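Next up, target37.cif (mmCIF, C-alpha atoms):
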data_target
#
loop_
_atom_site.group_PDB
_atom_site.id
_atom_site.type_symbol
_atom_site.label_atom_id
_atom_site.label_comp_id
_atom_site.auth_asym_id
_atom_site.auth_seq_id
_atom_site.Cartn_x
_atom_site.Cartn_y
_atom_site.Cartn_z
ATOM 1 C CA MET A 1 15.165 -47.052 -14.874
ATOM 2 C CA SER A 2 12.501 -45.205 -16.748
ATOM 3 C CA ASN A 3 10.743 -44.557 -13.455
ATOM 4 C CA LEU A 4 13.907 -42.945 -12.099
ATOM 5 C CA ASN A 5 14.001 -40.557 -15.068
ATOM 6 C CA GLU A 6 10.506 -39.420 -14.192
ATOM 7 C CA ILE A 7 11.577 -38.284 -10.733
ATOM 8 C CA PRO A 8 12.127 -34.523 -10.945
ATOM 9 C CA SER A 9 15.430 -33.061 -9.715
ATOM 10 C CA GLY A 10 15.405 -31.034 -6.476
ATOM 11 C CA LYS A 11 15.428 -27.644 -8.221
ATOM 12 C CA GLU A 12 12.800 -28.613 -10.775
ATOM 13 C CA GLN A 13 10.549 -29.937 -8.039
ATOM 14 C CA LEU A 14 11.053 -26.717 -6.067
ATOM 15 C CA ASP A 15 10.153 -24.610 -9.138
ATOM 16 C CA ASP A 16 7.115 -26.752 -9.865
ATOM 17 C CA GLU A 17 5.943 -26.449 -6.276
ATOM 18 C CA GLN A 18 6.512 -22.694 -6.382
ATOM 19 C CA ASN A 19 4.556 -22.287 -9.627
ATOM 20 C CA GLU A 20 1.807 -24.478 -8.249
ATOM 21 C CA LEU A 21 1.639 -22.322 -5.136
ATOM 22 C CA ILE A 22 1.584 -19.061 -7.114
ATOM 23 C CA GLN A 23 -1.228 -20.486 -9.234
ATOM 24 C CA LEU A 24 -3.081 -21.457 -6.063
ATOM 25 C CA MET A 25 -2.673 -17.908 -4.725
ATOM 26 C CA LYS A 26 -4.027 -16.435 -7.967
ATOM 27 C CA VAL A 27 -7.045 -18.732 -7.811
ATOM 28 C CA GLY A 28 -7.601 -17.733 -4.173
ATOM 29 C CA PHE A 29 -7.431 -14.023 -4.993
ATOM 30 C CA ASP A 30 -9.747 -14.495 -7.974
ATOM 31 C CA GLN A 31 -12.261 -16.214 -5.694
ATOM 32 C CA LEU A 32 -11.944 -13.299 -3.283
ATOM 33 C CA ASP A 33 -12.602 -10.835 -6.134
ATOM 34 C CA GLU A 34 -15.650 -12.713 -7.297
ATOM 35 C CA GLY A 35 -16.990 -13.786 -3.912
ATOM 36 C CA VAL A 36 -16.850 -10.552 -1.944
ATOM 37 C CA GLU A 37 -19.688 -8.320 -2.981
ATOM 38 C CA ILE A 38 -18.539 -4.809 -3.796
ATOM 39 C CA HIS A 39 -21.062 -2.040 -3.941
ATOM 40 C CA THR A 40 -19.879 0.921 -6.010
ATOM 41 C CA PRO A 41 -21.707 4.068 -4.818
ATOM 42 C CA SER A 42 -23.658 6.261 -7.236
ATOM 43 C CA MET A 43 -22.163 9.188 -9.160
ATOM 44 C CA GLU A 44 -24.030 11.596 -6.822
ATOM 45 C CA TRP A 45 -22.309 10.065 -3.811
ATOM 46 C CA PHE A 46 -18.896 10.513 -5.425
ATOM 47 C CA GLU A 47 -19.675 14.099 -6.434
ATOM 48 C CA HIS A 48 -20.866 14.904 -2.924
ATOM 49 C CA MET A 49 -17.755 13.273 -1.390
ATOM 50 C CA VAL A 50 -15.417 15.194 -3.729
ATOM 51 C CA GLY A 51 -17.193 18.483 -2.964
ATOM 52 C CA GLU A 52 -17.017 17.873 0.773
ATOM 53 C CA GLN A 53 -13.344 16.874 0.707
ATOM 54 C CA THR A 54 -12.392 19.821 -1.532
ATOM 55 C CA GLU A 55 -13.940 22.149 1.043
ATOM 56 C CA VAL A 56 -12.092 20.406 3.910
ATOM 57 C CA ILE A 57 -8.787 20.699 2.000
ATOM 58 C CA ARG A 58 -9.448 24.394 1.226
ATOM 59 C CA LYS A 59 -10.096 25.167 4.906
ATOM 60 C CA LYS A 60 -7.002 23.185 5.941
ATOM 61 C CA ARG A 61 -4.821 25.155 3.460
ATOM 62 C CA ILE A 62 -6.179 28.503 4.692
ATOM 63 C CA LYS A 63 -5.405 27.453 8.283
ATOM 64 C CA GLU A 64 -1.867 26.340 7.373
ATOM 65 C CA VAL A 65 -1.071 29.529 5.425
ATOM 66 C CA THR A 66 -2.439 31.677 8.277
ATOM 67 C CA ILE A 67 -0.291 29.854 10.858
ATOM 68 C CA PHE A 68 2.751 30.110 8.569
ATOM 69 C CA LEU A 69 2.258 33.859 8.030
ATOM 70 C CA MET A 70 1.735 34.485 11.754
ATOM 71 C CA ILE A 71 4.937 32.622 12.693
ATOM 72 C CA ALA A 72 6.850 34.446 9.930
ATOM 73 C CA VAL A 73 5.587 37.845 11.155
ATOM 74 C CA ILE A 74 6.551 37.010 14.773
ATOM 75 C CA ILE A 75 10.078 35.908 13.772
ATOM 76 C CA VAL A 76 10.670 38.963 11.535
ATOM 77 C CA SER A 77 9.340 41.327 14.259
ATOM 78 C CA MET A 78 11.614 39.754 16.839
ATOM 79 C CA LEU A 79 14.627 40.049 14.533
ATOM 80 C CA LEU A 80 13.867 43.684 13.688
ATOM 81 C CA PHE A 81 13.330 44.486 17.370
ATOM 82 C CA THR A 82 16.674 42.960 18.387
ATOM 83 C CA LEU A 83 18.439 44.643 15.410
ATOM 84 C CA TYR A 84 17.311 48.145 16.445
ATOM 85 C CA GLN A 85 16.985 47.794 20.233
ATOM 86 C CA LEU A 86 19.503 45.062 21.181
ATOM 87 C CA PRO A 87 22.046 44.876 18.334
ATOM 88 C CA THR A 88 24.554 42.777 20.346
ATOM 89 C CA ILE A 89 21.957 40.030 20.820
ATOM 90 C CA PHE A 90 21.012 40.249 17.124
ATOM 91 C CA PHE A 91 24.612 39.717 15.992
ATOM 92 C CA ALA A 92 25.163 36.993 18.611
ATOM 93 C CA VAL A 93 22.107 35.126 17.278
ATOM 94 C CA GLN A 94 23.355 35.557 13.674
ATOM 95 C CA GLY A 95 26.782 34.238 14.674
ATOM 96 C CA LEU A 96 25.350 31.235 16.528
ATOM 97 C CA ALA A 97 23.066 30.433 13.593
ATOM 98 C CA SER A 98 26.010 30.527 11.147
ATOM 99 C CA ILE A 99 28.127 28.283 13.421
ATOM 100 C CA PHE A 100 25.211 25.831 13.726
ATOM 101 C CA VAL A 101 24.722 25.682 9.929
ATOM 102 C CA VAL A 102 28.465 25.073 9.299
ATOM 103 C CA PHE A 103 28.671 22.450 12.081
ATOM 104 C CA TYR A 104 25.558 20.612 10.864
ATOM 105 C CA SER A 105 26.706 20.643 7.203
ATOM 106 C CA VAL A 106 30.167 19.254 8.123
ATOM 107 C CA LYS A 107 28.618 16.571 10.340
ATOM 108 C CA ASP A 108 26.206 15.550 7.581
ATOM 109 C CA PHE A 109 29.008 15.473 4.982
ATOM 110 C CA VAL A 110 31.234 13.291 7.228
ATOM 111 C CA LYS A 111 28.310 10.943 7.840
ATOM 112 C CA GLN A 112 27.710 10.556 4.085
ATOM 113 C CA VAL A 113 31.439 9.960 3.364
ATOM 114 C CA ASN A 114 31.581 7.296 6.107
ATOM 115 C CA LYS A 115 28.464 5.631 4.699
ATOM 116 C CA ALA A 116 29.988 5.514 1.193
ATOM 117 C CA MET B 1 -14.139 11.540 -22.472
ATOM 118 C CA ASP B 2 -10.991 9.468 -21.906
ATOM 119 C CA GLU B 3 -8.924 9.161 -18.718
ATOM 120 C CA LYS B 4 -6.308 11.735 -19.778
ATOM 121 C CA ASP B 5 -8.932 14.426 -20.331
ATOM 122 C CA LEU B 6 -10.583 13.592 -17.028
ATOM 123 C CA ILE B 7 -7.245 13.908 -15.219
ATOM 124 C CA LYS B 8 -6.595 17.266 -16.923
ATOM 125 C CA ASP B 9 -10.016 18.500 -15.786
ATOM 126 C CA ALA B 10 -9.523 17.108 -12.283
ATOM 127 C CA LYS B 11 -6.220 18.977 -12.032
ATOM 128 C CA LYS B 12 -8.128 22.156 -12.870
ATOM 129 C CA GLY B 13 -10.460 21.402 -9.949
ATOM 130 C CA ASN B 14 -13.399 19.896 -11.842
ATOM 131 C CA GLN B 15 -15.304 17.895 -9.226
ATOM 132 C CA ARG B 16 -17.334 15.933 -11.790
ATOM 133 C CA ALA B 17 -14.098 14.690 -13.402
ATOM 134 C CA PHE B 18 -12.868 13.480 -10.023
ATOM 135 C CA ALA B 19 -16.175 11.708 -9.401
ATOM 136 C CA ILE B 20 -16.043 9.910 -12.785
ATOM 137 C CA LEU B 21 -12.421 8.841 -12.174
ATOM 138 C CA PHE B 22 -13.207 7.542 -8.694
ATOM 139 C CA GLN B 23 -16.345 5.718 -9.709
ATOM 140 C CA GLY B 24 -14.489 4.003 -12.550
ATOM 141 C CA ASN B 25 -11.641 2.869 -10.308
ATOM 142 C CA TYR B 26 -13.485 2.243 -7.014
ATOM 143 C CA SER B 27 -14.044 -1.491 -7.388
ATOM 144 C CA PHE B 28 -10.443 -2.067 -8.586
ATOM 145 C CA LEU B 29 -9.085 -0.108 -5.612
ATOM 146 C CA LEU B 30 -11.313 -1.837 -3.084
ATOM 147 C CA LYS B 31 -10.479 -5.296 -4.425
ATOM 148 C CA TYR B 32 -6.766 -4.490 -4.113
ATOM 149 C CA LEU B 33 -7.193 -3.224 -0.557
ATOM 150 C CA ILE B 34 -9.195 -6.302 0.462
ATOM 151 C CA LYS B 35 -6.325 -8.528 -0.719
ATOM 152 C CA VAL B 36 -3.773 -6.424 1.139
ATOM 153 C CA THR B 37 -5.661 -5.892 4.400
ATOM 154 C CA MET B 38 -7.713 -9.115 4.389
ATOM 155 C CA ASN B 39 -10.456 -7.014 5.977
ATOM 156 C CA LYS B 40 -13.383 -5.541 4.041
ATOM 157 C CA THR B 41 -14.277 -2.769 6.509
ATOM 158 C CA MET B 42 -10.675 -1.603 6.767
ATOM 159 C CA ALA B 43 -10.397 -1.726 2.972
ATOM 160 C CA GLU B 44 -13.497 0.492 2.574
ATOM 161 C CA ASP B 45 -12.123 3.071 5.045
ATOM 162 C CA LEU B 46 -8.769 3.076 3.300
ATOM 163 C CA ALA B 47 -10.404 3.446 -0.134
ATOM 164 C CA GLN B 48 -12.143 6.613 1.058
ATOM 165 C CA GLU B 49 -8.928 7.993 2.588
ATOM 166 C CA THR B 50 -7.105 7.188 -0.665
ATOM 167 C CA MET B 51 -9.614 9.237 -2.664
ATOM 168 C CA THR B 52 -9.235 12.167 -0.251
ATOM 169 C CA LYS B 53 -5.451 12.007 -0.570
ATOM 170 C CA CYS B 54 -5.821 11.821 -4.340
ATOM 171 C CA ILE B 55 -7.849 15.072 -4.432
ATOM 172 C CA GLU B 56 -5.170 16.743 -2.303
ATOM 173 C CA LYS B 57 -2.192 15.470 -4.347
ATOM 174 C CA ILE B 58 -3.592 15.378 -7.904
ATOM 175 C CA HIS B 59 -1.160 18.153 -8.957
ATOM 176 C CA LEU B 60 1.729 15.735 -8.179
ATOM 177 C CA TYR B 61 0.433 13.002 -10.509
ATOM 178 C CA ASN B 62 2.824 12.969 -13.477
ATOM 179 C CA GLU B 63 0.713 10.670 -15.708
ATOM 180 C CA ASN B 64 3.674 8.321 -16.374
ATOM 181 C CA SER B 65 1.764 5.432 -14.848
ATOM 182 C CA LYS B 66 -1.908 4.510 -15.093
ATOM 183 C CA PHE B 67 -4.279 6.352 -12.771
ATOM 184 C CA SER B 68 -5.221 3.040 -11.121
ATOM 185 C CA SER B 69 -1.543 2.322 -10.379
ATOM 186 C CA TRP B 70 -1.202 5.757 -8.822
ATOM 187 C CA LEU B 71 -4.217 5.016 -6.612
ATOM 188 C CA ILE B 72 -2.622 1.704 -5.592
ATOM 189 C CA SER B 73 0.605 3.463 -4.598
ATOM 190 C CA ILE B 74 -1.309 6.048 -2.506
ATOM 191 C CA ALA B 75 -3.403 3.317 -0.858
ATOM 192 C CA THR B 76 -0.358 1.157 -0.082
ATOM 193 C CA ASN B 77 1.552 4.035 1.492
ATOM 194 C CA LEU B 78 -1.479 5.126 3.509
ATOM 195 C CA TYR B 79 -1.869 1.603 4.858
ATOM 196 C CA ILE B 80 1.846 1.284 5.698
ATOM 197 C CA ASP B 81 1.842 4.724 7.384
ATOM 198 C CA GLN B 82 -1.190 3.820 9.470
ATOM 199 C CA ILE B 83 0.389 0.579 10.639
ATOM 200 C CA ARG B 84 3.587 2.447 11.532
ATOM 201 C CA LYS B 85 1.683 5.041 13.498
ATOM 202 C CA ASN B 86 -0.149 2.201 15.245
ATOM 203 C CA LYS B 87 -3.417 3.726 14.204
ATOM 204 C CA ARG B 88 -4.481 0.366 12.964
ATOM 205 C CA GLU B 89 -2.491 -1.992 15.121
ATOM 206 C CA ARG B 90 -2.887 -5.335 13.467
ATOM 207 C CA ASN B 91 -3.123 -8.150 15.881
ATOM 208 C CA TRP B 92 -3.876 -11.740 15.106
ATOM 209 C CA GLN B 93 -7.371 -11.521 16.594
ATOM 210 C CA GLN B 94 -8.268 -8.630 14.279
ATOM 211 C CA THR B 95 -6.783 -10.408 11.266
ATOM 212 C CA GLU B 96 -8.634 -13.587 12.147
ATOM 213 C CA GLN B 97 -11.895 -11.649 12.404
ATOM 214 C CA GLY B 98 -11.290 -10.081 8.964
ATOM 215 C CA ILE B 99 -10.526 -13.446 7.408
ATOM 216 C CA ARG B 100 -13.589 -14.997 9.059
ATOM 217 C CA ASN B 101 -15.776 -12.245 7.574
ATOM 218 C CA LEU B 102 -14.326 -12.735 4.096
ATOM 219 C CA LYS B 103 -14.809 -16.485 4.412
ATOM 220 C CA TRP B 104 -18.431 -15.896 5.371
ATOM 221 C CA HIS B 105 -18.920 -13.579 2.358
ATOM 222 C CA LEU B 106 -17.526 -16.230 0.034
ATOM 223 C CA GLU B 107 -19.450 -19.112 1.533
ATOM 224 C CA SER B 108 -22.717 -17.171 1.510
ATOM 225 C CA ARG B 109 -22.311 -16.932 -2.270
ATOM 226 C CA ASN B 110 -21.446 -20.627 -2.558
ATOM 227 C CA GLU B 111 -17.825 -19.834 -3.369
ATOM 228 C CA GLU B 112 -15.048 -22.025 -2.019
ATOM 229 C CA TRP B 113 -12.550 -20.636 0.514
ATOM 230 C CA ASN B 114 -8.922 -21.280 -0.367
ATOM 231 C CA ASP B 115 -6.599 -22.131 2.554
ATOM 232 C CA VAL B 116 -3.783 -20.192 0.863
ATOM 233 C CA LEU B 117 -5.693 -17.040 1.779
ATOM 234 C CA THR B 118 -5.652 -17.943 5.475
ATOM 235 C CA VAL B 119 -1.897 -18.496 5.366
ATOM 236 C CA LEU B 120 -1.378 -15.254 3.413
ATOM 237 C CA GLY B 121 -3.451 -13.445 6.032
ATOM 238 C CA LYS B 122 -1.045 -14.626 8.726
ATOM 239 C CA LEU B 123 1.959 -13.087 6.927
ATOM 240 C CA SER B 124 3.151 -9.645 7.974
ATOM 241 C CA ASP B 125 1.997 -6.731 5.808
ATOM 242 C CA ASP B 126 5.569 -6.050 4.675
ATOM 243 C CA VAL B 127 5.576 -9.494 3.079
ATOM 244 C CA ARG B 128 1.968 -9.840 1.912
ATOM 245 C CA ILE B 129 1.861 -6.519 0.030
ATOM 246 C CA PRO B 130 4.831 -7.330 -2.261
ATOM 247 C CA ILE B 131 3.492 -10.854 -2.853
ATOM 248 C CA VAL B 132 0.096 -9.483 -3.948
ATOM 249 C CA LEU B 133 1.706 -6.822 -6.157
ATOM 250 C CA LYS B 134 4.184 -9.220 -7.759
ATOM 251 C CA HIS B 135 2.177 -12.384 -8.232
ATOM 252 C CA TYR B 136 -1.320 -11.007 -8.756
ATOM 253 C CA TYR B 137 -0.860 -7.554 -10.281
ATOM 254 C CA GLY B 138 2.394 -8.350 -12.134
ATOM 255 C CA TYR B 139 4.491 -5.460 -10.806
ATOM 256 C CA SER B 140 8.285 -5.736 -11.131
ATOM 257 C CA TYR B 141 10.631 -5.774 -8.122
ATOM 258 C CA ASP B 142 11.811 -2.243 -9.046
ATOM 259 C CA GLU B 143 8.240 -0.921 -9.230
ATOM 260 C CA ILE B 144 7.289 -2.480 -5.882
ATOM 261 C CA GLY B 145 10.521 -1.153 -4.373
ATOM 262 C CA SER B 146 9.865 2.424 -5.444
ATOM 263 C CA LEU B 147 6.216 2.146 -4.410
ATOM 264 C CA MET B 148 7.079 0.901 -0.894
ATOM 265 C CA LYS B 149 10.277 2.987 -0.642
ATOM 266 C CA VAL B 150 12.410 -0.121 -0.096
ATOM 267 C CA SER B 151 15.265 -1.471 -2.257
ATOM 268 C CA PRO B 152 14.293 -4.025 -4.958
ATOM 269 C CA GLY B 153 16.673 -6.542 -3.332
ATOM 270 C CA THR B 154 14.778 -6.339 -0.050
ATOM 271 C CA ILE B 155 11.486 -6.806 -1.908
ATOM 272 C CA LYS B 156 12.875 -9.852 -3.694
ATOM 273 C CA SER B 157 13.997 -11.485 -0.465
ATOM 274 C CA ARG B 158 10.701 -10.644 1.292
ATOM 275 C CA ILE B 159 8.724 -12.298 -1.525
ATOM 276 C CA HIS B 160 11.044 -15.296 -1.550
ATOM 277 C CA ASN B 161 10.806 -15.788 2.215
ATOM 278 C CA GLY B 162 7.059 -15.183 2.150
ATOM 279 C CA ILE B 163 6.538 -17.852 -0.505
ATOM 280 C CA LEU B 164 8.708 -20.261 1.499
ATOM 281 C CA THR B 165 6.620 -19.598 4.609
ATOM 282 C CA VAL B 166 3.341 -20.152 2.763
ATOM 283 C CA ARG B 167 4.701 -23.349 1.246
ATOM 284 C CA LYS B 168 5.896 -24.601 4.619
ATOM 285 C CA GLU B 169 2.529 -23.879 6.223
ATOM 286 C CA LEU B 170 0.580 -25.623 3.472
ATOM 287 C CA LYS B 171 2.985 -28.541 3.129
ATOM 288 C CA LEU B 172 2.127 -29.745 6.630
ATOM 289 C CA ASP B 173 -1.199 -30.996 5.332
ATOM 290 C CA GLU B 174 0.135 -32.294 2.046
ATOM 291 C CA GLN B 175 3.182 -34.159 3.392
ATOM 292 C CA PRO B 176 1.678 -37.674 3.630
ATOM 293 C CA GLU B 177 0.176 -37.383 0.131
ATOM 294 C CA ARG B 178 3.450 -36.148 -1.371
ATOM 295 C CA ASP B 179 5.474 -38.882 0.342
ATOM 296 C CA SER B 180 3.197 -41.575 -0.995
ATOM 297 C CA LYS B 181 3.461 -40.088 -4.511
ATOM 298 C CA ARG B 182 7.278 -40.094 -4.269
ATOM 299 C CA GLU B 183 7.263 -43.672 -3.012
ATOM 300 C CA ARG B 184 5.121 -44.778 -5.921
ATOM 301 C CA ALA B 185 7.519 -43.060 -8.363
ATOM 302 C CA THR B 186 10.643 -44.758 -6.988
ATOM 303 C CA ARG B 187 9.073 -48.228 -7.074
#

Show the structure stored in the file as structure tokens.
Amino acid sequence: MSNLNEIPSGKEQLDDEQNELIQLMKVGFDQLDEGVEIHTPSMEWFEHMVGEQTEVIRKKRIKEVTIFLMIAVIIVSMLLFTLYQLPTIFFAVQGLASIFVVFYSVKDFVKQVNKA
Amino acid sequence: MDEKDLIKDAKKGNQRAFAILFQGNYSFLLKYLIKVTMNKTMAEDLAQETMTKCIEKIHLYNENSKFSSWLISIATNLYIDQIRKNKRERNWQQTEQGIRNLKWHLESRNEEWNDVLTVLGKLSDDVRIPIVLKHYYGYSYDEIGSLMKVSPGTIKSRIHNGILTVRKELKLDEQPERDSKRERATR
């Protein structure tokens, strides 16, 4: 009878096995931390890397801003050209853009309501 | 100079502050990435990309969490993005190679290789990452969810299923031993 009391219930056994497994994982990860040699580079290496990357980021930003400004100038020029030279096209584009915005907003709203 | 001051200086563009922060956290970051990728070379590449991203996004760091945790979240998202874009298509052969290398590293230093690591390496990244974060780094389901941009419920079920899979895989070897133990107990 006493032996029967020692047998763990299904849930207890499952929890024990789970804890044992988690412990085993922790031990495995600890061994990985200790066993795999990690070489931390010198401060000079880090400083050089930061300097290099900062320069790359700066150049990337300049490129992005330039592209953005060029596209903006092209769009504004086209709009001004149509406004003064082809006003019917300008107003047609404005009308189509407004219809598109309203249609897209309604569609998005309906989608959200249906989701809820 | 403490971490907060270094972060303040880094935000102002001080390169030396960045270098001190990175040097202090490099080994922690690399160790995390090795556990997640199970591949040392991939982990080193990702650590460097994480630092680059950190320089670019330092102005977005709100200092609510530790700097190391912020690095972990950047590294995790970079890794997930790269897998999604198939830049680093993980196939079993590649994973096996990574695990073999780690095993060699451990054995060359007379450290024992744990079979749990092999089984964990076989799991998909979506499952292994939350398991590492939850059971090794002690993150909560909510924290892992917001870090991986997935609901905490999904994270919970992924961890649960992952643990079940690992247990199933390992149990195959232990079954006869367990059965004999149970038999002895019922006698």

- prompt: Leu32 (chain A): which residues within 8 Å, counting all atoms listed in the file, same-chain residues fewer than 3 positions away excluded, as a VMD selection string?
  reply: (chain A and resid 28 to 29 35 to 36) or (chain B and resid 35 102 106)

Determine which residues of chain B sit within 6 Å of chain A, taking into account only C-alpha atoms, and present them as a JSON list (two decimals) with C-alpha atoms, in the coordinates of the input.
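This went into selection-v7.json:
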[["chain", "number", "residue", "atom", "x", "y", "z"],
["B", 19, "ALA", "CA", -16.18, 11.71, -9.40],
["B", 105, "HIS", "CA", -18.92, -13.58, 2.36],
["B", 106, "LEU", "CA", -17.53, -16.23, 0.03],
["B", 114, "ASN", "CA", -8.92, -21.28, -0.37]]

message: What's the separation between CA of Leu147 (chain B) and CA of Asn77 (chain B), in Å to one decimal place?
response: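 Answer for the CA of Leu147 (chain B) to CA of Asn77 (chain B) separation: 7.8 Å.
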
message: List the spatial neighbours of Thr76 (chain B) as a PyMOL selection string - criterion: any atom at most 10 Å away, only C-alpha atoms, same-chain residues fewer than 6 positions off excluded.
response: chain B and resi 32-33+36-37+46+50+70+82+129+147-148

- request: Just give me the gap between CA of Gly24 (chain B) and CA of Ser68 (chain B) in Å, one decimal is fine.
  value: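 So the two atoms, CA of Gly24 (chain B) and CA of Ser68 (chain B), lie 9.4 Å apart.
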
message: I want to know what sits within 12 Å of Gly145 (chain B), based on all atoms listed in the file, with residues of the same chain fewer than 2 positions away left out; could you give that as number ranges by chain?
response: B: 73, 76-77, 126, 129-130, 133-134, 139-143, 147-159

message: If I take CA of Asp9 (chain B) and CA of Ser65 (chain B), how far is one from the other in Å, to one decimal?
response: 17.6 Å

- prompt: Quick one: residues within 10 Å of Cys54 (chain B), all atoms listed in the file counted, chain neighbours fewer than 6 positions away excluded, as a ChimeraX atom specification?
  reply: /B:18,22,48,60-61,70-71,74-75

task: Kindly indicate which residue among B:Gln15, B:Ile72, B:Asn62, B:Ala10 lies nearest to Leu30 (chain B), using only C-alpha atoms for the distances.
output: B:Ile72

Around region 95-108 of chain A, fit a box with edges along x, y and z, padding it by 3 Å on each side, then list its centre and edge lengths in Å to one decimal as JSON.
{"center_x": 26.6, "center_y": 24.9, "center_z": 11.9, "size_x": 13.1, "size_y": 24.7, "size_z": 15.3}

query: Counting all atoms listed in the file, what is within 9 Å of Glu3 (chain B), bar same-chain residues fewer than 5 positions away, as a VMD selection string?
result: chain B and resid 8 21 67

Could you add the missing atoms to region 103-116 of chain A, up to N, CA and C atoms, and return them as a PDB file, keeping the file's coordinate frame?
ATOM      1  N   PHE A 103      28.460  23.678  11.307  1.00  0.00           N
ATOM      2  CA  PHE A 103      28.671  22.450  12.081  1.00  0.00           C
ATOM      3  C   PHE A 103      27.783  21.320  11.560  1.00  0.00           C
ATOM      4  N   TYR A 104      26.513  21.625  11.311  1.00  0.00           N
ATOM      5  CA  TYR A 104      25.558  20.612  10.864  1.00  0.00           C
ATOM      6  C   TYR A 104      25.926  20.099   9.470  1.00  0.00           C
ATOM      7  N   SER A 105      26.339  21.046   8.574  1.00  0.00           N
ATOM      8  CA  SER A 105      26.706  20.643   7.203  1.00  0.00           C
ATOM      9  C   SER A 105      27.915  19.720   7.237  1.00  0.00           C
ATOM     10  N   VAL A 106      28.949  20.075   8.043  1.00  0.00           N
ATOM     11  CA  VAL A 106      30.167  19.254   8.123  1.00  0.00           C
ATOM     12  C   VAL A 106      29.808  17.874   8.674  1.00  0.00           C
ATOM     13  N   LYS A 107      29.000  17.845   9.714  1.00  0.00           N
ATOM     14  CA  LYS A 107      28.618  16.571  10.340  1.00  0.00           C
ATOM     15  C   LYS A 107      27.886  15.670   9.338  1.00  0.00           C
ATOM     16  N   ASP A 108      26.968  16.281   8.576  1.00  0.00           N
ATOM     17  CA  ASP A 108      26.206  15.550   7.581  1.00  0.00           C
ATOM     18  C   ASP A 108      27.111  15.004   6.481  1.00  0.00           C
ATOM     19  N   PHE A 109      28.072  15.864   6.042  1.00  0.00           N
ATOM     20  CA  PHE A 109      29.008  15.473   4.982  1.00  0.00           C
ATOM     21  C   PHE A 109      29.855  14.283   5.444  1.00  0.00           C
ATOM     22  N   VAL A 110      30.405  14.375   6.680  1.00  0.00           N
ATOM     23  CA  VAL A 110      31.234  13.291   7.228  1.00  0.00           C
ATOM     24  C   VAL A 110      30.421  11.997   7.310  1.00  0.00           C
ATOM     25  N   LYS A 111      29.193  12.109   7.726  1.00  0.00           N
ATOM     26  CA  LYS A 111      28.310  10.943   7.840  1.00  0.00           C
ATOM     27  C   LYS A 111      28.120  10.264   6.480  1.00  0.00           C
ATOM     28  N   GLN A 112      27.916  11.098   5.436  1.00  0.00           N
ATOM     29  CA  GLN A 112      27.710  10.556   4.085  1.00  0.00           C
ATOM     30  C   GLN A 112      28.969   9.884   3.555  1.00  0.00           C
ATOM     31  N   VAL A 113      30.159  10.532   3.823  1.00  0.00           N
ATOM     32  CA  VAL A 113      31.439   9.960   3.364  1.00  0.00           C
ATOM     33  C   VAL A 113      31.654   8.624   4.051  1.00  0.00           C
ATOM     34  N   ASN A 114      31.405   8.550   5.361  1.00  0.00           N
ATOM     35  CA  ASN A 114      31.581   7.296   6.107  1.00  0.00           C
ATOM     36  C   ASN A 114      30.651   6.206   5.593  1.00  0.00           C
ATOM     37  N   LYS A 115      29.446   6.593   5.223  1.00  0.00           N
ATOM     38  CA  LYS A 115      28.464   5.631   4.699  1.00  0.00           C
ATOM     39  C   LYS A 115      28.949   5.032   3.382  1.00  0.00           C
ATOM     40  N   ALA A 116      29.492   5.951   2.508  1.00  0.00           N
ATOM     41  CA  ALA A 116      29.988   5.514   1.193  1.00  0.00           C
ATOM     42  C   ALA A 116      31.214   4.624   1.378  1.00  0.00           C
TER      43      ALA A 116
END
